[in-house]
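Structure below is work_10.cif: mmCIF, C-alpha atoms.
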```
data_structure
loop_
_atom_site.label_atom_id
_atom_site.label_comp_id
_atom_site.auth_asym_id
_atom_site.auth_seq_id
_atom_site.Cartn_x
_atom_site.Cartn_y
_atom_site.Cartn_z
CA MET A 213 -14.12 -10.77 -2.38
CA ALA A 214 -15.84 -9.63 0.83
CA LYS A 215 -14.56 -12.73 2.58
CA ALA A 216 -10.98 -12.02 1.46
CA THR A 217 -11.32 -8.42 2.66
CA GLU A 218 -12.57 -9.57 6.05
CA LEU A 219 -9.74 -12.11 6.24
CA VAL A 220 -7.16 -9.42 5.43
CA ARG A 221 -8.67 -7.03 7.99
CA ARG A 222 -8.72 -9.66 10.75
CA TYR A 223 -5.08 -10.58 10.27
CA ALA A 224 -4.01 -6.91 10.09
CA VAL A 225 -5.94 -6.01 13.26
CA THR A 226 -4.49 -9.01 15.09
CA LEU A 227 -0.93 -8.01 14.15
CA LEU A 228 -1.46 -4.41 15.26
CA GLU A 229 -3.04 -5.43 18.56
CA ALA A 230 -0.09 -7.73 19.28
CA ALA A 231 2.36 -4.95 18.36
CA GLU A 232 0.61 -2.53 20.73
CA GLU A 233 0.59 -5.06 23.57
CA SER A 234 4.30 -5.72 23.04
CA GLY A 235 5.16 -2.03 22.70
CA VAL A 236 6.82 -2.47 19.30
CA THR A 237 4.32 -0.70 17.05
CA GLY A 238 6.92 1.67 15.61
CA GLU A 239 9.34 -1.14 14.82
CA VAL A 240 6.60 -3.28 13.29
CA ARG A 241 5.54 -0.31 11.14
CA GLY A 242 9.10 -0.08 9.78
CA ASP A 243 9.12 -3.83 9.15
CA LEU A 244 5.80 -3.62 7.30
CA GLU A 245 7.00 -0.73 5.14
CA GLY A 246 10.07 -2.75 4.14
CA LEU A 247 8.03 -5.89 3.59
CA ALA A 248 5.52 -3.99 1.44
CA ALA A 249 8.35 -2.63 -0.71
CA THR A 250 9.87 -6.12 -1.01
CA LEU A 251 6.55 -7.67 -2.03
CA ARG A 252 5.85 -4.87 -4.54
CA GLY A 253 9.32 -5.27 -6.03
CA SER A 254 9.48 -9.05 -6.26
CA GLN A 255 7.07 -10.75 -8.62
CA GLU A 256 8.81 -14.05 -7.87
CA LEU A 257 8.15 -13.78 -4.12
CA ARG A 258 4.48 -12.89 -4.69
CA GLU A 259 4.09 -15.84 -7.06
CA PHE A 260 5.84 -18.19 -4.62
CA LEU A 261 3.61 -17.10 -1.72
CA GLY A 262 0.51 -17.35 -3.89
CA ASN A 263 1.35 -20.77 -5.31
CA ARG A 264 -1.18 -23.27 -3.95
CA LEU A 265 1.24 -26.13 -4.69
CA VAL A 266 3.73 -24.83 -2.10
CA ASP A 267 2.88 -26.25 1.31
CA GLY A 268 2.60 -23.95 4.32
CA ALA A 269 5.72 -25.22 6.06
CA THR A 270 7.89 -24.57 3.00
CA ALA A 271 6.53 -21.04 2.58
CA SER A 272 6.95 -20.37 6.30
CA ASN A 273 10.55 -21.58 6.27
CA ALA A 274 11.34 -19.51 3.19
CA LEU A 275 10.02 -16.36 4.87
CA GLU A 276 12.03 -17.14 7.99
CA ALA A 277 15.20 -17.50 5.90
CA LEU A 278 14.43 -14.23 4.12
CA LEU A 279 13.46 -12.15 7.18
CA ALA A 280 15.20 -13.63 10.24
CA GLY A 281 17.38 -11.06 11.96
CA LYS A 282 16.03 -8.27 9.76
CA VAL A 283 12.61 -7.74 11.35
CA GLN A 284 11.05 -7.80 14.81
CA PRO A 285 10.32 -11.32 16.09
CA LEU A 286 6.62 -10.39 16.12
CA THR A 287 6.72 -9.48 12.42
CA LEU A 288 8.60 -12.68 11.63
CA ASN A 289 6.10 -14.78 13.59
CA PHE A 290 3.22 -13.04 11.81
CA THR A 291 4.61 -13.75 8.34
CA ARG A 292 5.37 -17.34 9.27
CA LEU A 293 1.83 -17.78 10.65
CA VAL A 294 0.28 -16.36 7.49
CA ALA A 295 2.42 -18.59 5.26
CA GLY A 296 1.95 -21.62 7.47
CA ARG A 297 -1.82 -21.26 7.21
CA ARG A 298 -1.50 -21.08 3.41
CA ARG A 299 -2.57 -17.44 3.30
CA GLY A 300 0.61 -16.19 1.62
CA HIS A 301 -1.41 -15.04 -1.37
CA ALA A 302 -2.98 -12.38 0.88
CA LEU A 303 0.19 -11.29 2.73
CA ALA A 304 0.73 -8.16 0.62
CA ASP A 305 -2.89 -7.09 1.19
CA MET A 306 -2.55 -7.76 4.93
CA VAL A 307 0.61 -5.65 5.11
CA GLU A 308 -1.01 -2.79 3.17
CA ALA A 309 -4.13 -2.96 5.35
CA ALA A 310 -2.06 -2.83 8.54
CA LEU A 311 -0.11 0.17 7.24
CA ALA A 312 -3.36 1.93 6.29
CA MET A 313 -4.74 1.29 9.79
CA LEU A 314 -1.56 2.68 11.37
CA ASP A 315 -1.81 5.78 9.17
CA GLU A 316 -5.46 6.26 10.09
CA ARG A 317 -4.65 6.01 13.80
CA ALA A 318 -1.87 8.58 13.36
CA GLY A 319 -4.16 10.98 11.48
CA ILE A 320 -2.38 10.46 8.17
CA ASP A 321 -4.33 10.38 4.91
CA THR A 322 -3.07 8.36 1.97
CA ALA A 323 -2.93 9.88 -1.48
CA GLU A 324 -2.99 7.40 -4.34
CA VAL A 325 -1.16 9.09 -7.20
CA ARG A 326 -0.95 7.94 -10.81
CA SER A 327 1.52 9.82 -12.98
CA ALA A 328 2.66 9.63 -16.58
CA ALA A 329 6.32 9.41 -15.51
CA PRO A 330 8.03 8.27 -12.32
CA LEU A 331 8.07 10.94 -9.60
CA THR A 332 11.31 11.79 -7.81
CA PRO A 333 11.43 11.66 -4.01
CA GLY A 334 11.49 15.48 -4.00
CA GLN A 335 8.37 15.64 -6.18
CA ILE A 336 6.60 13.13 -3.95
CA GLU A 337 7.49 15.17 -0.86
CA ALA A 338 6.33 18.44 -2.48
CA LEU A 339 3.09 16.82 -3.62
CA GLY A 340 2.50 15.46 -0.10
CA SER A 341 3.01 18.96 1.33
CA ARG A 342 0.57 20.55 -1.12
CA LEU A 343 -2.06 17.88 -0.48
CA SER A 344 -1.52 18.28 3.28
CA GLY A 345 -2.24 21.99 2.90
CA TYR A 346 -5.49 21.16 1.14
CA THR A 347 -6.68 18.46 3.55
CA GLY A 348 -5.36 19.94 6.78
CA ARG A 349 -3.89 16.54 7.69
CA LYS A 350 -0.57 14.86 7.02
CA VAL A 351 -0.65 13.05 3.68
CA SER A 352 1.38 9.99 2.71
CA VAL A 353 1.82 9.65 -1.06
CA GLN A 354 1.72 6.27 -2.80
CA ALA A 355 2.81 6.90 -6.37
CA GLU A 356 2.68 4.63 -9.39
CA VAL A 357 3.24 5.15 -13.09
CA ASP A 358 0.18 4.97 -15.35
CA GLU A 359 1.34 4.65 -18.96
CA SER A 360 -2.16 5.47 -20.23
CA LEU A 361 -1.67 9.10 -19.12
CA ARG A 362 -0.10 11.41 -21.71
CA GLY A 363 1.29 13.71 -19.06
CA GLY A 364 0.64 15.03 -15.56
CA LEU A 365 -0.92 13.12 -12.70
CA VAL A 366 -4.11 12.19 -10.89
CA ALA A 367 -4.18 12.15 -7.07
CA ARG A 368 -6.94 10.66 -4.92
CA VAL A 369 -7.22 11.47 -1.23
CA GLY A 370 -10.26 9.74 0.21
CA ASP A 371 -13.19 10.69 -2.02
CA THR A 372 -11.47 13.75 -3.50
CA VAL A 373 -9.74 13.49 -6.88
CA PHE A 374 -7.20 16.04 -8.12
CA ASP A 375 -6.81 15.70 -11.89
CA ALA A 376 -3.76 17.52 -13.24
CA THR A 377 -3.37 15.50 -16.42
CA VAL A 378 -2.52 17.04 -19.76
CA ASP A 379 -5.78 15.71 -21.24
CA THR A 380 -7.85 17.48 -18.55
CA GLN A 381 -5.95 20.74 -18.96
CA LEU A 382 -6.43 20.61 -22.74
CA ARG A 383 -10.15 19.88 -22.33
CA ARG A 384 -10.54 22.87 -19.97
CA LEU A 385 -8.67 25.12 -22.40
CA ARG A 386 -10.90 23.95 -25.28
CA ASP A 387 -14.02 24.55 -23.17
CA ARG A 388 -12.85 28.12 -22.36
CA LEU A 389 -12.12 28.83 -26.01
CA VAL A 390 -15.50 27.51 -27.12
CA SER A 391 -17.41 29.48 -24.46
CA ALA A 392 -15.52 32.75 -25.14
#
```

Go ahead and render the structure in this file as structure tokens.
Amino acid sequence: MAKATELVRRYAVTLLEAAEESGVTGEVRGDLEGLAATLRGSQELREFLGNRLVDGATASNALEALLAGKVQPLTLNFTRLVAGRRRGHALADMVEAALAMLDERAGIDTAEVRSAAPLTPGQIEALGSRLSGYTGRKVSVQAEVDESLRGGLVARVGDTVFDATVDTQLRRLRDRLVSA
């Protein structure tokens, strides 16, 4: 796993350095956000890129057909390079790592939020604002549904966990009743 993490980090750093040198960091960030959403939303694409039976040239050509004219040439070249070197299985991790590095450079913390039900864009924005007030930094919220939760949500910003689940609230209420 450590080797995969180092591989992901190296590719992400290389992409960001090239974007800075070319002066297209903002555009590449937008491309990466779109690519991350596409990869999260398409199980078929992730499976295709991770399939060891698909040769690098085929995967590279498929990504070119999918992305050409929609992303910066640098982003397109990066995805083609990754696929061509048969590293497509790690593309989603590379994209997420690059986005995390861009956020860190911009002073933005990431909150990983698990909720019992899908959050609306307004709820995500409000949650980001409240967490920003707590941390003193801008907070980007990455939300996902966790069906094991009965209600509420759990947010993690760095090493700090905010647990606002129904189970935790009920446990606290029980503890107060018992100690009273």

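Taken over the shown file, the PyMOL selection byres ((chain A and resi 274) around 12) identifies Leu257, Phe260, Leu261, Val266, Asp267, Gly268, Ala269, Thr270, Ala271, Ser272, Asn273, Leu275, Glu276, Ala277, Leu278, Leu279, Ala280, Leu288, Thr291, Arg292, Ala295, Gly296 and Gly300 of chain A.
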
**Fill in**
Min atom-atom distance to A:Gln354 from the set A:Thr322, A:Thr217, A:Thr372, A:Ser327, counting only C-alpha atoms, belongs to A:Thr322

**Request:** List the residues matched by the PyMOL selection byres ((chain A and resi 314) around 12) in the displayed structure as a VMD selection string, ordered by chain and then by residue number.
**Result:** chain A and resid 224 to 225 227 to 229 231 to 232 237 to 238 240 to 242 244 to 245 307 to 313 315 to 322 352

With the PyMOL selection byres ((chain A and resi 326) around 9) as the selection, what would be picked from this file? Answer as a compact mmCIF listing (two decimals) with C-alpha atoms, in the coordinates of the input, please.
```txt
# COMPACT_ATOMS: atom_id res chain seq x y z
CA GLU A 324 -2.99 7.40 -4.34
CA VAL A 325 -1.16 9.09 -7.20
CA SER A 327 1.52 9.82 -12.98
CA ALA A 328 2.66 9.63 -16.58
CA ALA A 329 6.32 9.41 -15.51
CA GLN A 354 1.72 6.27 -2.80
CA ALA A 355 2.81 6.90 -6.37
CA GLU A 356 2.68 4.63 -9.39
CA VAL A 357 3.24 5.15 -13.09
CA ASP A 358 0.18 4.97 -15.35
CA LEU A 361 -1.67 9.10 -19.12
CA GLY A 364 0.64 15.03 -15.56
CA LEU A 365 -0.92 13.12 -12.70
CA VAL A 366 -4.11 12.19 -10.89
CA ALA A 367 -4.18 12.15 -7.07
CA ARG A 368 -6.94 10.66 -4.92
```

**Message:** Let me make sure I understand: among A:Gly281, A:Leu303, A:Thr332, A:Glu256, which one has the smallest atom-to-atom distance to A:Arg221 if we use all atoms listed in the file?
**Reply:** A:Leu303

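Of the residues listed (A:Val373, A:Ala323, A:Met306, A:Val378), A:Met306 shows the shortest atom-to-atom separation from A:Leu251; distances use only C-alpha atoms.
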